[in-house]
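The next block holds one structure in the form of structure tokens; read it before the comments.
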Amino acid sequence: FTHQDTLRGSITPERAWWDLTYYDLSVKVDVSDSSISGTTVVQYKVLEPHQVMQLDLQPPMKINQVTQNGKALSYKRDGNAWFITLKEKQKKGEVNTVQVTFSGKPKVAIRPPWDGGFTWTHDSNGKPFVATSNQGIGASIWWPNKDHPYDEVDSLLINVNAPGGLMDVSNGRLRGVKEEKDGTKTWSWFVSNPINSYGVNINIGDYVHFGEVYDGEKGPLDMNYYVLRENEEKAKKQFKQAKLMMEAFEYWFGPYPFYEDGYKLVEAPYLGMEHQSSVTYGNKFANGYLGRDLSNSGWGLKFDFIIIHESAHEWFANNITHKDVADMWLHEGYTKYADSLSVVYPLGKQADSEFDRAFRTSISN
């Protein structure tokens, strides 16, 4: 247990005095050298007067400048934490902003999604395929933010500049696409619901899009699917399960939590992750877990484990989020329970009992 663990895991005095309300995050992704650069505009409400703010950004990423109302601010770094000294008096009840400029070559994920960072790869046609995943290590592995789950941002705009000919898919709804003079494009996505920092993601690739509208408990729900061009036909077949998944979980847990932001399944170059309203998928368009039945009961091959499991996290991880990273097991525990209920809904209690009994044999501790 280290000093850095304390700075990351505690509600420090430099975090406690301000309430996070809004991010305007802009990121330029340079696939030629695996670097990124950008700005985070942090909007916050002053809860108690204080003059030092903690933000988080992990090396080798670095903060280049911090300003408030056009004036440069001084800051010092303590490992992954950056302490910013504010010049203007912070008055209780005020809503203020700071703008943070950052750049660097973010950590490359060695074994995503369990090991966090950026994934830089290519599809079978040689086109760049780029994604982020950072559940455990924290969102500050690639962008500056208040990297603690106790204070979720109320809403967020994420603008991602990507190479021309490719698409970025991030959280929420697409607000627009801007063609830049250098031939790149900037994709702007807006999230209207509170979101945990690790749920914010970037996915860049030669994507094709298809979708459907689900008649859900709160009315029409947009369900959109983004997959690599080479996998479109396989995805159209496999993702037919998504509608049944949504029906099952709305039956057990109530309405999908983010109707305003829609639901997306997005192909990624790793197994999958519960990024809010932008669930990433890499299960090879096969049932089970990469084509295997984890329960060895036969029932595990009746559904796509990643569609079910990662989507269930929309209720347990995204809608209801732990207040401390030490309690992340709750996200996984409730979602494992959700996996079981997803078997009950279409296949019946007998199937679920056999699935659960067989799955239990894989528990080693």
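Every chain in the structure tokens has a letter given in the order shown (A, B, ...), and although residue numbers restart at 1 in each chain, ligands are simply numbered from 1 in the order shown.
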Which residues in segment 13-211 of chain A does DSSP call helix (DSSP H, G or I)? List them as a JSON list (two decimals) with N, CA, C and O atoms, in the first residue's frame.
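Wrote it out as out34.json, contents follow:
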[["chain", "number", "residue", "atom", "x", "y", "z"],
["A", 13, "PRO", "N", -8.55, 16.13, 0.52],
["A", 13, "PRO", "CA", -9.06, 17.50, 0.69],
["A", 13, "PRO", "C", -9.12, 18.27, -0.62],
["A", 13, "PRO", "O", -10.01, 19.12, -0.81],
["A", 14, "GLU", "N", -8.20, 17.96, -1.53],
["A", 14, "GLU", "CA", -8.16, 18.66, -2.82],
["A", 14, "GLU", "C", -9.21, 18.15, -3.80],
["A", 14, "GLU", "O", -9.41, 18.74, -4.86],
["A", 15, "ARG", "N", -9.91, 17.08, -3.44],
["A", 15, "ARG", "CA", -11.05, 16.58, -4.22],
["A", 15, "ARG", "C", -12.38, 16.95, -3.56],
["A", 15, "ARG", "O", -13.37, 17.22, -4.25],
["A", 16, "ALA", "N", -12.39, 16.93, -2.24],
["A", 16, "ALA", "CA", -13.65, 16.99, -1.50],
["A", 16, "ALA", "C", -14.39, 18.32, -1.65],
["A", 16, "ALA", "O", -15.62, 18.36, -1.52],
["A", 139, "ALA", "N", -9.25, 5.89, -15.71],
["A", 139, "ALA", "CA", -9.32, 6.70, -16.93],
["A", 139, "ALA", "C", -8.15, 7.67, -17.05],
["A", 139, "ALA", "O", -7.80, 8.10, -18.15],
["A", 140, "SER", "N", -7.52, 7.98, -15.91],
["A", 140, "SER", "CA", -6.38, 8.91, -15.95],
["A", 140, "SER", "C", -5.17, 8.29, -16.62],
["A", 140, "SER", "O", -4.14, 8.95, -16.76],
["A", 141, "ILE", "N", -5.25, 7.06, -17.09],
["A", 141, "ILE", "CA", -4.19, 6.47, -17.87],
["A", 141, "ILE", "C", -4.05, 7.19, -19.21],
["A", 141, "ILE", "O", -2.99, 7.14, -19.84],
["A", 197, "SER", "N", -15.91, 7.64, -14.77],
["A", 197, "SER", "CA", -14.79, 8.01, -15.66],
["A", 197, "SER", "C", -14.27, 6.81, -16.44],
["A", 197, "SER", "O", -13.89, 6.95, -17.61],
["A", 198, "TYR", "N", -14.27, 5.60, -15.84],
["A", 198, "TYR", "CA", -13.72, 4.46, -16.58],
["A", 198, "TYR", "C", -14.65, 4.01, -17.70],
["A", 198, "TYR", "O", -14.24, 3.27, -18.60],
["A", 199, "GLY", "N", -15.90, 4.49, -17.68],
["A", 199, "GLY", "CA", -16.84, 4.15, -18.74],
["A", 199, "GLY", "C", -16.69, 4.97, -20.00],
["A", 199, "GLY", "O", -17.32, 4.68, -21.02]]
Residues within 9 Å of Lys236 of chain A, only C-alpha atoms, excluding chain neighbours under 4 positions, as a PyMOL selection string:
chain A and resi 210+225+231-232+240
Once you have the residues from the selection above, write them out as a JSON list (two decimals), in the first residue's frame, restricted to all heavy atoms.
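Final file, out_34.json:
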[["chain", "number", "residue", "atom", "x", "y", "z"],
["A", 210, "PHE", "N", -25.25, -0.37, -38.32],
["A", 210, "PHE", "CA", -26.64, -0.76, -38.53],
["A", 210, "PHE", "C", -27.33, -0.71, -37.18],
["A", 210, "PHE", "O", -26.67, -0.58, -36.14],
["A", 210, "PHE", "CB", -26.77, -2.14, -39.19],
["A", 210, "PHE", "CG", -26.17, -3.28, -38.40],
["A", 210, "PHE", "CD1", -26.98, -4.09, -37.62],
["A", 210, "PHE", "CD2", -24.81, -3.56, -38.46],
["A", 210, "PHE", "CE1", -26.45, -5.15, -36.89],
["A", 210, "PHE", "CE2", -24.27, -4.62, -37.74],
["A", 210, "PHE", "CZ", -25.08, -5.42, -36.95],
["A", 225, "TYR", "N", -25.35, -0.60, -33.71],
["A", 225, "TYR", "CA", -24.27, -1.56, -33.75],
["A", 225, "TYR", "C", -23.19, -1.07, -34.72],
["A", 225, "TYR", "O", -23.49, -0.66, -35.85],
["A", 225, "TYR", "CB", -24.79, -2.93, -34.19],
["A", 225, "TYR", "CG", -26.04, -3.34, -33.44],
["A", 225, "TYR", "CD1", -27.27, -3.50, -34.09],
["A", 225, "TYR", "CD2", -26.00, -3.55, -32.06],
["A", 225, "TYR", "CE1", -28.42, -3.86, -33.39],
["A", 225, "TYR", "CE2", -27.14, -3.92, -31.36],
["A", 225, "TYR", "CZ", -28.34, -4.06, -32.03],
["A", 225, "TYR", "OH", -29.48, -4.41, -31.31],
["A", 231, "ASN", "N", -16.76, -7.64, -40.89],
["A", 231, "ASN", "CA", -17.57, -8.51, -40.03],
["A", 231, "ASN", "C", -19.06, -8.16, -40.06],
["A", 231, "ASN", "O", -19.82, -8.67, -39.22],
["A", 231, "ASN", "CB", -17.07, -8.42, -38.58],
["A", 231, "ASN", "CG", -15.69, -9.01, -38.42],
["A", 231, "ASN", "OD1", -15.35, -10.00, -39.06],
["A", 231, "ASN", "ND2", -14.86, -8.39, -37.58],
["A", 232, "GLU", "N", -19.47, -7.36, -41.01],
["A", 232, "GLU", "CA", -20.85, -6.87, -41.01],
["A", 232, "GLU", "C", -21.87, -8.00, -41.05],
["A", 232, "GLU", "O", -22.83, -8.02, -40.28],
["A", 232, "GLU", "CB", -21.08, -5.92, -42.19],
["A", 232, "GLU", "CG", -22.47, -5.33, -42.23],
["A", 232, "GLU", "CD", -22.66, -4.32, -43.35],
["A", 232, "GLU", "OE1", -21.73, -4.16, -44.18],
["A", 232, "GLU", "OE2", -23.75, -3.70, -43.41],
["A", 240, "LYS", "N", -28.55, -10.24, -33.32],
["A", 240, "LYS", "CA", -29.99, -10.43, -33.13],
["A", 240, "LYS", "C", -30.30, -10.78, -31.68],
["A", 240, "LYS", "O", -31.42, -10.60, -31.20],
["A", 240, "LYS", "CB", -30.51, -11.54, -34.06],
["A", 240, "LYS", "CG", -30.57, -11.12, -35.53],
["A", 240, "LYS", "CD", -31.08, -12.26, -36.41],
["A", 240, "LYS", "CE", -31.13, -11.84, -37.88],
["A", 240, "LYS", "NZ", -31.60, -12.95, -38.76]]
Using the chain letters and numbers from this document, which residues of segment 96-326 of chain A does DSSP assign to strand (DSSP E or B), as a VMD selection string?
chain A and resid 96 to 104 108 117 to 122 128 to 133 145 153 155 to 162 167 to 168 173 to 179 185 to 191 195 203 to 205 207 to 216 219 to 228 263 to 267 272 to 273 279 to 281 288 to 289 292 304 316 320
Counting only C-alpha atoms, figure out which residue out of A:His122, A:Lys284, A:Lys349, A:Lys218 gets nearest to Asp206 of chain A.
A:His122
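Our summary of the geometry notes that atom CA of Ser364 of chain A is positioned 27.2 Å from atom CA of Trp315 of chain A.
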